[in-house]
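This is entry.csv (CSV, C-alpha atoms).
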chain,number,residue,atom,x,y,z
A,1,MET,CA,-94.3,-72.8,-44.0
A,2,ARG,CA,-90.9,-72.1,-42.3
A,3,LEU,CA,-89.0,-73.2,-45.4
A,4,LEU,CA,-91.2,-71.0,-47.6
A,5,LEU,CA,-90.6,-68.1,-45.3
A,6,ALA,CA,-86.9,-68.7,-45.3
A,7,ALA,CA,-86.8,-68.9,-49.1
A,8,PHE,CA,-88.8,-65.6,-49.4
A,9,CYS,CA,-86.4,-63.9,-46.9
A,10,ALA,CA,-83.4,-65.2,-48.8
A,11,LEU,CA,-84.7,-63.7,-52.1
A,12,THR,CA,-85.7,-60.4,-50.6
A,13,MET,CA,-84.6,-58.9,-47.3
A,14,ILE,CA,-81.4,-60.7,-46.3
A,15,ALA,CA,-80.1,-62.7,-49.2
A,16,ALA,CA,-76.4,-63.0,-49.3
A,17,PRO,CA,-74.5,-61.9,-52.4
A,18,ALA,CA,-73.1,-64.7,-54.6
A,19,VAL,CA,-69.8,-65.8,-53.1
A,20,ALA,CA,-67.2,-68.5,-53.9
A,21,GLU,CA,-67.6,-71.9,-52.4
A,22,PRO,CA,-66.2,-72.6,-49.0
A,23,THR,CA,-62.6,-74.0,-49.0
A,24,ARG,CA,-61.6,-72.0,-52.0
A,25,SER,CA,-58.4,-70.0,-51.7
A,26,PHE,CA,-58.4,-66.3,-52.1
A,27,ALA,CA,-55.8,-63.6,-52.5
A,28,GLY,CA,-55.9,-61.1,-49.6
A,29,GLU,CA,-54.2,-59.6,-46.7
A,30,ALA,CA,-53.9,-61.1,-43.2
A,31,ARG,CA,-52.7,-59.6,-39.9
A,32,LEU,CA,-52.2,-61.7,-36.8
A,33,LEU,CA,-53.9,-60.5,-33.6
A,34,VAL,CA,-52.6,-61.6,-30.2
A,35,ASP,CA,-54.7,-61.4,-27.1
A,36,ARG,CA,-57.8,-59.4,-26.4
A,37,ASP,CA,-56.6,-55.8,-26.7
A,38,GLU,CA,-55.4,-56.3,-30.3
A,39,ALA,CA,-58.5,-58.3,-31.2
A,40,TRP,CA,-60.8,-55.8,-29.6
A,41,GLU,CA,-59.2,-52.8,-31.3
A,42,THR,CA,-59.7,-54.6,-34.6
A,43,ILE,CA,-63.4,-55.6,-33.9
A,44,MET,CA,-64.3,-52.0,-32.9
A,45,GLY,CA,-62.4,-50.6,-35.9
A,46,LEU,CA,-64.4,-52.8,-38.3
A,47,VAL,CA,-67.7,-51.8,-36.8
A,48,ALA,CA,-66.9,-48.1,-36.6
A,49,GLY,CA,-65.4,-48.1,-40.1
A,50,ALA,CA,-68.1,-50.0,-41.9
A,51,LYS,CA,-70.1,-48.1,-44.6
A,52,ARG,CA,-72.9,-50.5,-45.6
A,53,SER,CA,-73.1,-53.7,-43.5
A,54,ILE,CA,-71.9,-55.4,-40.3
A,55,ALA,CA,-72.3,-59.1,-39.6
A,56,VAL,CA,-71.5,-60.5,-36.1
A,57,ASP,CA,-71.6,-64.2,-35.3
A,58,TYR,CA,-70.3,-64.9,-31.7
A,59,TYR,CA,-70.3,-67.6,-29.2
A,60,VAL,CA,-69.9,-65.6,-25.9
A,61,LEU,CA,-70.6,-61.9,-26.0
A,62,GLY,CA,-70.9,-60.3,-22.6
A,63,GLY,CA,-69.4,-57.9,-20.1
A,64,PRO,CA,-68.2,-54.3,-20.3
A,65,ARG,CA,-66.5,-54.6,-23.7
A,66,ALA,CA,-69.5,-56.4,-25.2
A,67,ILE,CA,-71.7,-53.6,-23.9
A,68,GLU,CA,-69.4,-51.1,-25.7
A,69,LEU,CA,-69.7,-53.1,-28.9
A,70,ALA,CA,-73.5,-53.3,-28.6
A,71,ARG,CA,-73.8,-49.5,-28.2
A,72,GLU,CA,-71.6,-49.1,-31.3
A,73,LEU,CA,-73.7,-51.6,-33.3
A,74,ALA,CA,-76.8,-49.8,-32.2
A,75,ARG,CA,-75.3,-46.5,-33.3
A,76,ARG,CA,-74.4,-47.9,-36.8
A,77,HIS,CA,-77.9,-49.4,-37.1
A,78,ARG,CA,-79.5,-46.0,-36.4
A,79,GLU,CA,-77.2,-44.5,-39.1
A,80,GLY,CA,-78.9,-46.8,-41.6
A,81,LEU,CA,-76.4,-49.7,-42.0
A,82,ALA,CA,-77.6,-53.3,-42.4
A,83,VAL,CA,-76.6,-55.0,-39.2
A,84,ARG,CA,-76.9,-58.7,-38.3
A,85,VAL,CA,-76.0,-60.2,-34.9
A,86,MET,CA,-76.2,-64.0,-34.4
A,87,LEU,CA,-75.5,-65.8,-31.1
A,88,ASP,CA,-75.4,-69.3,-29.8
A,89,PRO,CA,-78.8,-70.3,-28.3
A,90,ASP,CA,-77.2,-71.1,-24.9
A,91,LEU,CA,-75.7,-67.6,-24.6
A,92,GLY,CA,-72.5,-68.9,-23.1
A,93,THR,CA,-73.9,-71.9,-21.3
A,94,LEU,CA,-72.7,-71.0,-17.8
A,95,PRO,CA,-75.1,-68.9,-15.6
A,96,ALA,CA,-72.4,-66.2,-15.0
A,97,LEU,CA,-71.9,-65.8,-18.8
A,98,LYS,CA,-75.6,-65.6,-19.5
A,99,ALA,CA,-75.9,-62.9,-16.9
A,100,LEU,CA,-73.1,-60.9,-18.6
A,101,THR,CA,-74.9,-61.3,-22.0
A,102,THR,CA,-78.3,-60.0,-20.8
A,103,PRO,CA,-77.4,-56.3,-20.8
A,104,VAL,CA,-75.9,-56.7,-24.3
A,105,LEU,CA,-79.1,-58.1,-25.6
A,106,HIS,CA,-81.2,-55.3,-24.0
A,107,ILE,CA,-79.1,-52.7,-25.8
A,108,LEU,CA,-79.3,-54.4,-29.2
A,109,ARG,CA,-83.0,-55.2,-29.0
A,110,ASP,CA,-84.1,-51.8,-27.6
A,111,ALA,CA,-82.4,-50.2,-30.6
A,112,GLY,CA,-84.1,-52.6,-33.1
A,113,VAL,CA,-80.8,-54.3,-34.1
A,114,PRO,CA,-81.6,-57.7,-35.7
A,115,VAL,CA,-80.4,-60.3,-33.2
A,116,ARG,CA,-81.1,-64.0,-33.8
A,117,LEU,CA,-80.1,-67.3,-32.3
A,118,TYR,CA,-78.1,-69.6,-34.5
A,119,PRO,CA,-80.3,-72.3,-36.2
A,120,ARG,CA,-79.0,-75.1,-34.1
A,121,ASP,CA,-81.9,-77.4,-34.9
A,122,VAL,CA,-81.1,-77.2,-38.6
A,123,LEU,CA,-77.4,-77.9,-38.0
A,124,ALA,CA,-78.3,-80.8,-35.6
A,125,ARG,CA,-80.5,-82.4,-38.2
A,126,LYS,CA,-77.8,-82.0,-40.9
A,127,HIS,CA,-75.2,-83.7,-38.7
A,128,GLY,CA,-77.5,-86.1,-37.1
A,129,TYR,CA,-76.4,-85.1,-33.6
A,130,ARG,CA,-78.3,-83.1,-31.0
A,131,PHE,CA,-75.6,-81.3,-29.1
A,132,VAL,CA,-74.2,-78.6,-31.4
A,133,GLU,CA,-73.1,-75.0,-30.8
A,134,ASP,CA,-72.5,-71.9,-32.7
A,135,HIS,CA,-68.9,-71.6,-31.6
A,136,ASN,CA,-67.9,-68.9,-34.1
A,137,LYS,CA,-66.1,-65.7,-33.2
A,138,VAL,CA,-66.4,-63.6,-36.4
A,139,VAL,CA,-67.1,-60.0,-37.3
A,140,VAL,CA,-67.4,-58.9,-41.0
A,141,ALA,CA,-67.6,-55.3,-42.3
A,142,ASP,CA,-69.0,-54.6,-45.8
A,143,GLY,CA,-68.0,-58.0,-47.0
A,144,GLN,CA,-64.5,-56.7,-47.4
A,145,ALA,CA,-62.7,-57.1,-44.0
A,146,ALA,CA,-63.2,-59.6,-41.2
A,147,PHE,CA,-62.1,-60.6,-37.7
A,148,VAL,CA,-61.7,-64.4,-37.2
A,149,GLY,CA,-60.3,-65.8,-34.0
A,150,SER,CA,-60.6,-67.7,-30.8
A,151,MET,CA,-61.5,-64.9,-28.4
A,152,ASN,CA,-64.8,-65.0,-26.5
A,153,VAL,CA,-66.0,-61.8,-24.8
A,154,GLY,CA,-66.9,-62.4,-21.2
A,155,ALA,CA,-65.2,-59.8,-19.0
A,156,ASP,CA,-62.3,-61.1,-16.8
A,157,ILE,CA,-63.9,-64.5,-16.4
A,158,LEU,CA,-62.6,-65.2,-19.9
A,159,HIS,CA,-59.3,-63.4,-20.0
A,160,ASN,CA,-57.3,-65.8,-22.0
A,161,HIS,CA,-54.3,-66.1,-24.3
A,162,ASP,CA,-56.0,-65.9,-27.7
A,163,VAL,CA,-55.0,-65.7,-31.3
A,164,GLY,CA,-57.0,-64.3,-34.3
A,165,VAL,CA,-56.5,-62.5,-37.6
A,166,ARG,CA,-57.8,-59.5,-39.4
A,167,VAL,CA,-58.3,-60.5,-43.1
A,168,GLU,CA,-59.1,-58.4,-46.1
A,169,GLY,CA,-60.3,-59.4,-49.5
A,170,GLN,CA,-62.8,-61.8,-51.0
A,171,VAL,CA,-62.4,-64.3,-48.2
A,172,ALA,CA,-64.3,-61.8,-46.0
A,173,ASN,CA,-67.2,-61.8,-48.5
A,174,ALA,CA,-67.3,-65.6,-48.3
A,175,ILE,CA,-67.4,-65.6,-44.5
A,176,GLY,CA,-70.1,-62.9,-44.5
A,177,GLY,CA,-72.1,-64.9,-47.0
A,178,GLU,CA,-72.1,-67.9,-44.7
A,179,ILE,CA,-73.4,-65.8,-41.8
A,180,ALA,CA,-76.1,-64.2,-43.9
A,181,ARG,CA,-77.3,-67.7,-45.1
A,182,ALA,CA,-77.5,-69.0,-41.5
A,183,PHE,CA,-79.2,-65.8,-40.4
A,184,VAL,CA,-82.1,-66.5,-42.7
A,185,LEU,CA,-82.8,-69.7,-40.7
A,186,ALA,CA,-82.0,-68.2,-37.3
A,187,THR,CA,-84.6,-67.5,-34.6
A,188,PRO,CA,-85.4,-63.8,-34.0
A,189,MET,CA,-85.1,-62.6,-30.4
A,190,GLY,CA,-87.9,-60.0,-30.6
A,191,HIS,CA,-88.7,-56.9,-32.6
A,192,GLU,CA,-86.1,-56.2,-35.3
A,193,GLU,CA,-85.7,-53.5,-37.9
A,194,LEU,CA,-84.4,-55.6,-40.7
A,195,ARG,CA,-82.7,-53.8,-43.6
A,196,PRO,CA,-81.9,-55.3,-47.0
A,197,TRP,CA,-78.5,-56.9,-47.1
A,198,PRO,CA,-76.3,-55.1,-49.6
A,199,ALA,CA,-74.0,-56.8,-52.1
A,200,ALA,CA,-70.3,-56.4,-51.1
A,201,ASP,CA,-68.1,-53.9,-53.0
A,202,LEU,CA,-65.3,-56.3,-53.5
A,203,PRO,CA,-61.8,-54.8,-53.2
A,204,THR,CA,-59.9,-54.2,-56.4
A,205,ARG,CA,-56.5,-54.8,-54.7
A,206,LEU,CA,-56.5,-58.4,-53.8
A,207,GLY,CA,-53.4,-58.6,-51.7
A,208,SER,CA,-50.4,-60.9,-51.6
A,209,ASP,CA,-51.4,-63.6,-49.0
A,210,GLU,CA,-53.1,-66.8,-49.9
A,211,ILE,CA,-56.1,-67.3,-47.6
A,212,ALA,CA,-58.2,-70.5,-47.7
A,213,TYR,CA,-61.6,-70.7,-45.9
A,214,PHE,CA,-62.6,-73.9,-44.0
A,215,PRO,CA,-66.0,-73.6,-42.3
A,216,THR,CA,-67.7,-76.4,-40.3
A,217,GLY,CA,-71.5,-76.1,-40.0
A,218,LEU,CA,-74.3,-75.7,-42.5
A,219,ALA,CA,-71.7,-75.4,-45.3
A,220,GLY,CA,-70.2,-78.8,-44.5
A,221,ARG,CA,-67.4,-80.2,-42.4
A,222,HIS,CA,-64.1,-78.8,-43.8
A,223,GLY,CA,-61.9,-78.4,-40.7
A,224,ARG,CA,-60.6,-81.9,-40.1
A,225,PRO,CA,-59.7,-82.6,-43.7
A,226,ALA,CA,-57.8,-79.3,-43.9
A,227,VAL,CA,-55.8,-80.0,-40.7
A,228,LEU,CA,-55.0,-83.6,-41.7
A,229,LYS,CA,-53.9,-82.6,-45.2
A,230,ALA,CA,-51.6,-79.9,-43.9
A,231,LEU,CA,-50.0,-82.3,-41.3
A,232,ALA,CA,-49.6,-85.0,-43.9
A,233,GLU,CA,-47.8,-82.6,-46.2
A,234,ALA,CA,-45.6,-81.0,-43.5
A,235,LYS,CA,-41.9,-81.2,-44.4
A,236,GLU,CA,-40.0,-79.1,-41.9
A,237,ALA,CA,-41.8,-77.9,-38.8
A,238,VAL,CA,-45.2,-78.0,-37.1
A,239,ARG,CA,-46.1,-75.7,-34.2
A,240,VAL,CA,-49.5,-76.3,-32.5
A,241,MET,CA,-51.1,-73.9,-30.0
A,242,MET,CA,-54.4,-75.4,-28.9
A,243,PHE,CA,-57.0,-75.1,-26.2
A,244,GLU,CA,-58.5,-78.6,-26.8
A,245,LEU,CA,-56.6,-81.3,-28.6
A,246,GLU,CA,-58.5,-84.6,-28.5
A,247,ASP,CA,-59.0,-85.7,-32.0
A,248,PRO,CA,-57.4,-89.2,-32.6
A,249,ASP,CA,-56.9,-88.5,-36.3
A,250,ALA,CA,-55.0,-85.2,-35.6
A,251,GLU,CA,-53.0,-87.0,-32.9
A,252,ALA,CA,-52.0,-89.8,-35.4
A,253,ALA,CA,-51.1,-87.2,-38.0
A,254,LEU,CA,-48.8,-85.4,-35.5
A,255,LEU,CA,-47.1,-88.7,-34.6
A,256,ALA,CA,-46.7,-89.5,-38.3
A,257,ALA,CA,-45.1,-86.2,-39.0
A,258,HIS,CA,-42.7,-86.7,-36.0
A,259,ARG,CA,-41.7,-90.1,-37.3
A,260,ARG,CA,-41.0,-88.6,-40.8
A,261,GLY,CA,-38.5,-86.3,-39.1
A,262,VAL,CA,-40.6,-83.1,-39.0
A,263,ASP,CA,-39.8,-80.9,-36.1
A,264,VAL,CA,-43.1,-81.1,-34.2
A,265,ARG,CA,-43.9,-79.0,-31.1
A,266,VAL,CA,-47.2,-78.9,-29.4
A,267,LEU,CA,-48.2,-76.4,-26.8
A,268,VAL,CA,-51.5,-77.2,-25.1
A,269,ASP,CA,-53.6,-75.7,-22.3
A,270,PRO,CA,-53.5,-77.5,-18.9
A,271,ASN,CA,-57.3,-77.2,-18.6
A,272,ASP,CA,-57.4,-75.6,-15.2
A,273,LEU,CA,-61.1,-74.8,-15.2
A,274,THR,CA,-61.4,-73.7,-11.6
A,275,ASN,CA,-62.6,-70.1,-12.5
A,276,LEU,CA,-65.5,-71.6,-14.5
A,277,SER,CA,-66.5,-74.2,-12.0
A,278,PRO,CA,-69.4,-73.4,-9.6
A,279,LEU,CA,-67.7,-75.7,-7.0
A,280,GLY,CA,-64.5,-73.5,-7.0
A,281,TRP,CA,-62.5,-76.6,-8.1
A,282,ALA,CA,-62.1,-78.7,-11.2
A,283,PRO,CA,-59.7,-81.5,-12.3
A,284,ARG,CA,-56.8,-80.4,-14.4
A,285,GLY,CA,-56.1,-81.7,-17.9
A,286,VAL,CA,-59.6,-82.9,-18.7
A,287,PHE,CA,-59.4,-82.2,-22.4
A,288,ASN,CA,-55.7,-82.6,-23.2
A,289,LEU,CA,-54.0,-84.9,-20.7
A,290,GLY,CA,-54.6,-88.1,-22.8
A,291,VAL,CA,-53.1,-86.8,-26.1
A,292,ALA,CA,-50.4,-84.8,-24.4
A,293,SER,CA,-49.1,-87.8,-22.4
A,294,ARG,CA,-49.2,-90.1,-25.4
A,295,LEU,CA,-47.4,-87.6,-27.6
A,296,ALA,CA,-44.8,-87.1,-24.9
A,297,ALA,CA,-44.3,-90.8,-24.5
A,298,ALA,CA,-43.7,-91.1,-28.2
A,299,GLY,CA,-41.0,-88.5,-28.1
A,300,VAL,CA,-42.9,-85.6,-29.5
A,301,ALA,CA,-42.0,-82.2,-28.0
A,302,VAL,CA,-45.2,-81.3,-26.1
A,303,ARG,CA,-45.5,-78.8,-23.2
A,304,TRP,CA,-48.2,-77.3,-21.0
A,305,TYR,CA,-48.8,-73.6,-21.4
A,306,ARG,CA,-48.3,-71.7,-18.2
A,307,PRO,CA,-50.8,-68.8,-18.0
A,308,ALA,CA,-49.7,-65.4,-17.0
A,309,ALA,CA,-50.9,-64.1,-13.6
A,310,ASP,CA,-54.0,-62.3,-15.2
A,311,GLU,CA,-54.8,-65.2,-17.6
A,312,HIS,CA,-57.0,-68.2,-17.2
A,313,ALA,CA,-56.1,-70.4,-20.2
A,314,LEU,CA,-54.4,-70.8,-23.5
A,315,HIS,CA,-57.5,-70.4,-25.6
A,316,ALA,CA,-55.9,-70.3,-29.0
A,317,LYS,CA,-56.8,-72.7,-31.8
A,318,ALA,CA,-53.9,-72.3,-34.2
A,319,ALA,CA,-51.0,-74.2,-35.8
A,320,LEU,CA,-48.2,-73.3,-38.1
A,321,VAL,CA,-47.4,-76.0,-40.6
A,322,ASP,CA,-44.2,-75.1,-42.4
A,323,ASN,CA,-45.3,-71.6,-43.7
A,324,THR,CA,-49.1,-72.0,-43.5
A,325,LEU,CA,-51.0,-70.7,-40.5
A,326,LEU,CA,-54.2,-72.5,-39.5
A,327,VAL,CA,-56.2,-70.2,-37.2
A,328,GLY,CA,-59.8,-69.5,-36.1
A,329,SER,CA,-62.4,-70.9,-33.6
A,330,THR,CA,-61.8,-74.6,-34.4
A,331,ASN,CA,-60.5,-76.8,-31.6
A,332,TRP,CA,-59.0,-80.1,-32.7
A,333,ASN,CA,-61.7,-82.3,-31.3
A,334,PHE,CA,-64.9,-84.1,-32.3
A,335,PHE,CA,-67.2,-81.2,-31.5
A,336,SER,CA,-65.4,-78.6,-33.5
A,337,PHE,CA,-64.5,-80.9,-36.4
A,338,ASP,CA,-67.9,-82.7,-36.7
A,339,LEU,CA,-70.7,-80.7,-35.1
A,340,ASN,CA,-70.3,-77.1,-34.3
A,341,ASN,CA,-70.5,-74.0,-36.4
A,342,GLU,CA,-66.9,-73.0,-36.7
A,343,THR,CA,-64.5,-71.0,-38.9
A,344,MET,CA,-60.9,-71.8,-39.7
A,345,LEU,CA,-58.6,-70.0,-42.1
A,346,ALA,CA,-55.4,-71.2,-43.7
A,347,ILE,CA,-53.0,-68.4,-44.4
A,348,GLY,CA,-50.1,-69.2,-46.6
A,349,GLY,CA,-47.1,-66.9,-46.3
A,350,GLY,CA,-46.9,-63.3,-45.3
A,351,GLU,CA,-46.6,-61.5,-42.0
A,352,ALA,CA,-49.2,-63.5,-40.0
A,353,PRO,CA,-47.4,-66.9,-40.1
A,354,ARG,CA,-44.0,-65.1,-39.3
A,355,ARG,CA,-45.5,-63.3,-36.3
A,356,PHE,CA,-47.2,-66.5,-35.1
A,357,ALA,CA,-43.8,-68.3,-35.1
A,358,GLN,CA,-42.4,-65.5,-32.9
A,359,VAL,CA,-45.3,-65.7,-30.5
A,360,PHE,CA,-45.1,-69.5,-30.3
A,361,ASP,CA,-41.3,-69.5,-29.7
A,362,ALA,CA,-41.7,-66.9,-26.9
A,363,ASP,CA,-44.4,-68.9,-25.2
A,364,TRP,CA,-42.5,-72.1,-25.6
A,365,ALA,CA,-39.4,-70.6,-24.0
A,366,ASP,CA,-41.0,-68.5,-21.3
A,367,ARG,CA,-44.5,-69.7,-20.6
A,368,SER,CA,-44.4,-73.5,-20.7
A,369,ASP,CA,-43.8,-76.6,-18.6
A,370,PRO,CA,-42.9,-80.2,-19.5
A,371,VAL,CA,-45.6,-82.9,-19.8
A,372,SER,CA,-44.3,-85.6,-17.5
A,373,GLU,CA,-47.5,-87.2,-16.1
A,374,ARG,CA,-48.4,-90.7,-17.2
A,375,PRO,CA,-52.1,-91.0,-16.2
A,376,SER,CA,-53.9,-94.3,-15.6
A,377,ALA,CA,-56.3,-95.7,-18.1
A,378,SER,CA,-59.2,-95.3,-15.7
A,379,ARG,CA,-58.4,-91.7,-15.2
A,380,LEU,CA,-58.3,-91.1,-18.9
A,381,LEU,CA,-61.6,-92.8,-19.3
A,382,LEU,CA,-63.1,-90.6,-16.6
A,383,TYR,CA,-61.7,-87.5,-18.3
A,384,ARG,CA,-63.1,-88.6,-21.6
A,385,GLY,CA,-66.6,-88.6,-20.1
A,386,LEU,CA,-66.1,-85.3,-18.4
A,387,ALA,CA,-64.8,-83.7,-21.6
A,388,PHE,CA,-67.9,-84.9,-23.4
A,389,LEU,CA,-70.2,-83.4,-20.8
A,390,LEU,CA,-68.3,-80.1,-20.6
A,391,ASN,CA,-68.4,-79.7,-24.4
Will you turn the file into structure tokens for me?
Amino acid sequence: MRLLLAAFCALTMIAAPAVAEPTRSFAGEARLLVDRDEAWETIMGLVAGAKRSIAVDYYVLGGPRAIELARELARRHREGLAVRVMLDPDLGTLPALKALTTPVLHILRDAGVPVRLYPRDVLARKHGYRFVEDHNKVVVADGQAAFVGSMNVGADILHNHDVGVRVEGQVANAIGGEIARAFVLATPMGHEELRPWPAADLPTRLGSDEIAYFPTGLAGRHGRPAVLKALAEAKEAVRVMMFELEDPDAEAALLAAHRRGVDVRVLVDPNDLTNLSPLGWAPRGVFNLGVASRLAAAGVAVRWYRPAADEHALHAKAALVDNTLLVGSTNWNFFSFDLNNETMLAIGGGEAPRRFAQVFDADWADRSDPVSERPSASRLLLYRGLAFLLN
């Protein structure tokens, strides 16, 4: 019955327009966004400027700024736009984040905005693994422009160093199509005023940047192959800025690039999770200590990011491989590569890769410390278990 209902909805109320297959490259325009003010201005601009449809797929969406977004989404819904909001079923996992999300949900549901929980059960069956998340941070307007990034919204508890992009062109239509298809299977959170999903008016000016789309989720697992291919083909320089770097294949590819003479630099978060711990304390380096120490021992230039006074973490999930920028919500670990719903873009050429190189160089020079620790095998084994539990 549920499958029949989903098929009916797909053909009538919320069917996505025909879009290109995931992983295809598109001509478009990309602009790099650094930290929450730039990302937030872009998100609000997309929502305020949309003319027909708005699709939001977000992992953590709570706090004052999320309330501002919810009010704007409710306003656009009242104006007659087709609006879809999809959230992870755990609503941020931590009690503090769930509490921040509750007022956002009240605003959206009271206005009749369609809000649904990502179909985690469908994804879990597809991947054969129970513990999956909707880890996306995506907003799409009219199937023409989109925000894709690493920034969660959770008030000051999640004030991090983040990186994202604003993209225009057919890639936005492909991203919006994936959201619409998942929305058909998602679980409604109450009364919703569901409007037909309009076909996108695709832009006539395609743009000069090459943008490839690599989702992980219902569309398949495209993140790891894209990362490994890029690293295997690196010729001059690799710059990695990553919140969680645990994947052994990515680690091996970084080492291989280093041995080929590629200039590899890796900037990782030190994983000080004290602000998220109910105990007021947490061990440092749970996610990244093993890879960081091994890379450093092999001679790779790897450093810890040193957060600014008002930051908690380096939360970016980005890398510059020669002149191609990989950016989105995808950590380089088992969960993001194999299980979660994630979005990663590869942007070849243009202003976004150039600006990322500048941001990386500034962080490397001014906001980083050497990786000098050589942890014991027992400590790394303990951290592996903790990382599994925390993810």
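Shortest separation to Leu320 of chain A among A:Ala252, A:Ala297, A:Val104, A:Val238 occurs at residue A:Val238, atoms counted being only C-alpha atoms.
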Can you tell me, as an NGL selection string, what residues are no more than 12 Å from His127 of chain A when counting all atoms listed in the file, ignoring any on the same chain fewer than 6 positions away?
:A and (120-121 or 133 or 216-221 or 335 or 337-341)
Which neighbours of segment 50-64 of chain A fall inside 7 Å, counting only C-alpha atoms, when residues of the same chain fewer than 4 positions from it are skipped, and could you give them as number ranges by chain?
A: 46, 68, 81-88, 91-92, 97, 100-101, 104, 134-142, 152-155, 176, 179, 198
Mind pulling up the distance from atom CA of Met241 of chain A to atom CA of Ala318 of chain A?
5.3 Å
Proximity to Gly349 of chain A - best of A:Leu326, A:Leu254, A:Ala96, A:Leu267, only C-alpha atoms
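Result for the nearest residue to Gly349 of chain A: A:Leu326.
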